[in-house]
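Here the structure is laid out as structure tokens; the discussion comes afterwards.
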Amino acid sequence: MNETLQLPLACFEHWLSRQPDKVWLRQPVAGVWHDFTWRQVDQQARRLASALLALGCAPGDRVAILAKNCAEWFITDLGIQIAGLVSVPLYPMQSTESIAYVLEHAQCRVIIVGKLDDPERMAEGIGEHITRIAMPYPTMAAPHDWHSLLADHPPLVDGAVQHADQLLSILYTSGTTGAPKGVMLSAGAMAYSSSRVTVELGMGPEDRFFSYLPLSHTAERFLVQFNSLYSGGTVAFAESLDSFADDLRRTRPTVFFSVPRLWTRFQQGVLEKLPAHKLDRLLGIPLVGRLVARRIRQQLGLDQARVMVSGAAAISPGLLAWYQRLGMTLCEGYGMTEHFAYGCFNRPGQVRFGTVGRPLPGLEVRIADDGEILLRSPTLMQGYYFDLEKSSEALRDGWLHTGDQGELDADGYLRITGRIKDIFKTSKGKYVAPAHIEGEIAKCSWVEQVCLMGSNLDQPVALIELSPLASQQPRAQLVAELHASLAQLNGQLAAHERISHYLLVSDSWNVDNGCMTPTMKIRRNVLEARYAALLSQLPTGTPIIWQDDLEPAGTAI
């Protein structure tokens with residue numbers, strides 16, 4: 001690790017001295033925006049640090065954060081650092097069982113809670129021995145409230161001195177399979193990532209960020225929280241789902257990060273107001289097309305965004321091309337919690353669709369003999385908390401074994417071809433890698449999400465959640481278009497990969513029903529168990545099947 005690397009607290013002190021009265025954080029409350037300058041953030045963070053130490057925390061103790069994104073989330077994380085403690089973020093949509101597991105596994109002494117959709121349920125996962133502090137929002141009951149606690153404790157003058165190899169945060173994976181793993185990230189690793197990216201992308205104090213995806217996820221924490229810290233830019237928060245569109249338009253970010261499912265939702269919102277055939281016709285008229293595209297960017301609140309990122313899951317090339325026609329180049333990237341999301345990235349002006357870009361500075365990428373992607377950089381985790389066996393499996397000879405498979409082209413662009421654990425074997429003994437097939441299916445505008453199943457089946461079956469737009473189409477037309485799409489796809493696949501059925505599911509896949517992780521990744525094992533009983537009912541000769549046609553009305557899976 002570079003000894004001259006500016007660690008997070010030193011970086012904060014830099015901007016505090018350079019622009020103390022510039023606004024860093026902008027928080028809407030009941031439609032009114034409240035601004036926090038760097039000086040105000042410093043004072044609150046130091047008061048919180050003093051309070052945490054007074055409550056009995058000692059350097060190295062773990063403090064959990066359970067809240068939706070808000071200014072106080074940033075202040076809390078900074079206060080934890082100033083006190084020399086270790087932050088353990090929790091997902092604001094996390095199950096009670098998972099909350100209890102993480103708090104126990106990480107041995108958290110304190111939890112700081114904030115805005116939550118179902119605080120009473122989540123409170124059941126917090127043991128009575130863990131001290132609660134409540135941010136200034138409606139949340140679960142706590143013996144300590146934010147304003148009183150900060151008022152009762154003076155700012156901590158002599159805060160902790162950070163070291164590059166010091167454990168700064170334990171980020172628990174969202175757990176697509178099995179129990180979450182606690183990824184231990186050092187101050188140096190987290191500093192290296194953002195200090196390099198802000199230079200690589202030319203980010204500075206004039207940039208504006210918009211924070212709404214869970215800060216407990218490494219991508220949001222890296223791309224928004226830490227990049228704003230290292231660039232000196234301003235961060236605005238979404239107050240609620242209802243106010244999201246207005247908050248985004250009010251912010252007009254210059255740097256914006258989203259995930260494929262939400263990029264799809266933005267597209268659907270546009271098409272609901274301007275049908276695809278009409279939009280295509282207007283975009284084909286040179287002057288009119290430019291005016292329409294600009295108007296759409298303004299309505300989305302992204303007319304000033306110069307860096308637009310898609311990550312956390314694969315995005316359809318067709319969706320990328322759709323945004324490109326509107327003058328919006330989405331830069332797809334690839335990263336993992338285990339290296340603080342410092343991976344490969346399609347830089348603006350250097351985008352190659354179908355790839356996740358080239359490695360960021362200081363990152364080495366190697367493809368193993370079995371196609372697995374191996375990474376090595378100064379941002380690698382210290383290991384999994386209290387799990388030497390899994391740590392040894394993931395970190396070997398200085399390389400992170402990602403579990404993903406990929407290919408590097410002649411120019412160093414990485415293409416993800418699948419995940420080793422997702423490969424399944426059909427009853428004919430043939431192996432199928434689902435990722436690229438799912439990507440082809442997702443190009444259809446009627447498809448919201450797709451999961452390919454096939455373990456011990458004669459041929460793979462595609463489970464499909466239809467998009468909201470699809471529900472507005474006549475069923476006969478929808479069947480005809482999906483049938484044509486399936487026939488075209490099967491014509492491109494090897495015999496053992498060809499799909500026997502599109503099974504159109506009746507339920508939405510979401511976090512609440514356990515079908516998706518809090519970071520919006522599909523849980524394959526959950527879907528396989530959920531729909532396994534239906535596969536024996538699939539009729540031959542009818543490749544497009546609705547779930548409702550296979551089971552009695554009201555039958556749960």
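Note on naming: chains are A, B, ... as they come in the structure tokens, residues start from 1 per chain, ligands start from 1 in the order shown.
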- Message: Need the shell around Ile133 of chain A: protein/DNA/RNA residues with any atom at most 7 Å away, counting only C-alpha atoms. Skip same-chain ones fewer than 4 positions apart. Format as an NGL selection string?
- Response: :A and (111-113 or 142-146)
Keeping only N, CA and C atoms, write the selected residues as a JSON list (two decimals), in the first residue's frame.
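Okay, selection_20.json is ready:
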```
[["chain", "number", "residue", "atom", "x", "y", "z"],
["A", 111, "ILE", "N", -26.01, 0.02, 17.73],
["A", 111, "ILE", "CA", -26.63, 0.13, 16.42],
["A", 111, "ILE", "C", -27.29, 1.49, 16.31],
["A", 112, "ILE", "N", -27.06, 2.16, 15.19],
["A", 112, "ILE", "CA", -27.64, 3.47, 14.93],
["A", 112, "ILE", "C", -28.69, 3.28, 13.84],
["A", 113, "VAL", "N", -29.95, 3.58, 14.18],
["A", 113, "VAL", "CA", -31.08, 3.29, 13.29],
["A", 113, "VAL", "C", -31.66, 4.58, 12.75],
["A", 142, "ALA", "N", -35.78, 3.87, 20.74],
["A", 142, "ALA", "CA", -34.37, 3.82, 21.13],
["A", 142, "ALA", "C", -34.17, 4.70, 22.36],
["A", 143, "PRO", "N", -33.28, 4.29, 23.27],
["A", 143, "PRO", "CA", -33.05, 5.09, 24.48],
["A", 143, "PRO", "C", -32.29, 6.38, 24.22],
["A", 144, "HIS", "N", -31.64, 6.48, 23.05],
["A", 144, "HIS", "CA", -30.87, 7.67, 22.74],
["A", 144, "HIS", "C", -31.35, 8.25, 21.42],
["A", 145, "ASP", "N", -31.75, 9.54, 21.43],
["A", 145, "ASP", "CA", -32.13, 10.18, 20.18],
["A", 145, "ASP", "C", -31.02, 11.11, 19.73],
["A", 146, "TRP", "N", -30.95, 11.30, 18.44],
["A", 146, "TRP", "CA", -29.84, 11.98, 17.77],
["A", 146, "TRP", "C", -29.56, 13.37, 18.36]]
```
- Item | Which of segment 137-303 of chain A DSSP labels helix (DSSP H, G or I), written as an MDAnalysis selection string | chainID A and resid 146:152 187:200 218:231 244:251 260:273 276:283 286:300
- Looking only at the backbone, which of the residues in segment 62-185 of chain A does DSSP tag as strand (DSSP E or B), as a ChimeraX atom specification? /A:62-66,86-90,108-113,131-134,144-145,167-172,182-185
- Item | Within 10 Å of Gly333 of chain A using only C-alpha atoms, minus same-chain residues under 6 positions, as a PyMOL selection string | chain A and resi 309-314+341-347+355-359+414
- Item | Spatial neighbours of Gly202 of chain A, max dist 9 Å, only C-alpha atoms, sep filter under 4 positions, as a ChimeraX atom specification | /A:197-198,231
- Message: Just want the 12 Å neighbourhood of Leu302 of chain A, counted on only C-alpha atoms, with same-chain residues fewer than 5 positions away dropped. Output as a PyMOL selection string.
- Response: chain A and resi 208-210+245-258+266+293-297+307-309+323+326-330
- Task: Measuring atom to atom with only C-alpha atoms, identify which of A:Tyr192, A:Phe353, A:Trp509, A:Trp446 is nearest to Ser377 of chain A.
- Result: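 With only C-alpha atoms as the atom set, the closest residue is A:Tyr192.
In terms of minimum interatomic distance to His147 of chain A, A:Leu48 ranks closest within A:Ala462, A:Leu503, A:Leu48, A:Ala189, counting only C-alpha atoms.
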- Message: With only C-alpha atoms as the counted atoms, please give the residues lying no more than 12 Å from Gly269 of chain A, apart from itself and same-chain residues fewer than 3 positions off, as number ranges by chain.
- Response: A: 245, 262-266, 272-276, 296, 299-300, 467-469
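Minimum atom-to-atom distance to Gly84 of chain A, evaluated using only C-alpha atoms, belongs to A:Gln162 out of A:Ser50, A:Thr540, A:Ser211, A:Gln162.
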- Of the candidates A:Asn510, A:Thr402, A:Gln473, A:Gln267, which one gets nearest to Gly335 of chain A if we count only C-alpha atoms?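 The answer is A:Thr402, which sits nearest to Gly335 of chain A.
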- Item | A:Leu53, A:Val224, A:Val479, A:Ile130 ranked by distance to Ala160 of chain A, top pick (using only C-alpha atoms) |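 Selected residue with least distance to Ala160 of chain A: A:Leu53.
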- Query: Lys521 of chain A: which residues within 12 Å, counting only C-alpha atoms, same-chain residues fewer than 2 positions away excluded, as a ChimeraX atom specification?
  - Reply: /A:173-177,217,259-261,311-315,449-451,509-511,514-519,523-527
Just-selected residues, C-alpha atoms written as a PDB file, in the first residue's frame:
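Below you can see result-v8.pdb, which holds the result:
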```pdb
ATOM      1  CA  THR A 173     -22.558  -9.652   1.288  1.00  0.00           C
ATOM      2  CA  SER A 174     -26.241  -9.699   0.391  1.00  0.00           C
ATOM      3  CA  GLY A 175     -26.237 -13.486   0.384  1.00  0.00           C
ATOM      4  CA  THR A 176     -27.502 -14.909  -2.932  1.00  0.00           C
ATOM      5  CA  THR A 177     -26.856 -18.310  -1.341  1.00  0.00           C
ATOM      6  CA  HIS A 217     -23.974  -2.060  -0.685  1.00  0.00           C
ATOM      7  CA  VAL A 259     -28.739  -0.846 -11.462  1.00  0.00           C
ATOM      8  CA  PRO A 260     -30.157  -2.558 -14.588  1.00  0.00           C
ATOM      9  CA  ARG A 261     -33.625  -3.094 -13.161  1.00  0.00           C
ATOM     10  CA  GLY A 311     -23.557  -2.030 -12.220  1.00  0.00           C
ATOM     11  CA  ALA A 312     -24.374  -4.779  -9.681  1.00  0.00           C
ATOM     12  CA  ALA A 313     -25.786  -7.040 -12.433  1.00  0.00           C
ATOM     13  CA  ALA A 314     -25.635  -7.525 -16.196  1.00  0.00           C
ATOM     14  CA  ILE A 315     -27.518  -5.045 -18.370  1.00  0.00           C
ATOM     15  CA  GLN A 449     -36.398 -10.359 -15.380  1.00  0.00           C
ATOM     16  CA  VAL A 450     -35.350 -13.839 -16.457  1.00  0.00           C
ATOM     17  CA  CYS A 451     -33.862 -16.915 -14.803  1.00  0.00           C
ATOM     18  CA  TRP A 509     -39.607 -11.176  -7.908  1.00  0.00           C
ATOM     19  CA  ASN A 510     -38.577  -8.772  -5.193  1.00  0.00           C
ATOM     20  CA  VAL A 511     -36.710  -8.408  -1.918  1.00  0.00           C
ATOM     21  CA  GLY A 514     -36.963 -13.402  -0.906  1.00  0.00           C
ATOM     22  CA  CYS A 515     -36.537 -13.817  -4.672  1.00  0.00           C
ATOM     23  CA  MET A 516     -34.000 -11.001  -4.843  1.00  0.00           C
ATOM     24  CA  THR A 517     -31.199  -9.777  -2.644  1.00  0.00           C
ATOM     25  CA  PRO A 518     -31.296  -6.221  -1.245  1.00  0.00           C
ATOM     26  CA  THR A 519     -28.932  -5.311  -4.112  1.00  0.00           C
ATOM     27  CA  ARG A 523     -31.582 -15.649  -5.859  1.00  0.00           C
ATOM     28  CA  ARG A 524     -31.451 -18.657  -8.180  1.00  0.00           C
ATOM     29  CA  ASN A 525     -31.761 -21.232  -5.439  1.00  0.00           C
ATOM     30  CA  VAL A 526     -34.953 -19.575  -4.167  1.00  0.00           C
ATOM     31  CA  LEU A 527     -36.495 -19.460  -7.640  1.00  0.00           C
TER      32      LEU A 527
END
```
- Message: For a test of reading the model, state the distance in Å between atom CA of Cys331 of chain A and atom CA of Phe12 of chain A, rounded to one decimal.
- Response: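 Between atom CA of Cys331 of chain A and atom CA of Phe12 of chain A the gap is 27.9 Å.
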- Message: Given only C-alpha atoms as the basis, pick out the residue of A:Asp207, A:Glu239, A:Asp118, A:Asp370 nearest to Asn227 of chain A.
- Response: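 Result for the nearest residue to Asn227 of chain A: A:Asp207.
Atom CA of Asp35 of chain A to atom CA of Tyr91 of chain A spans 25.0 Å [interatomic distance, one decimal].
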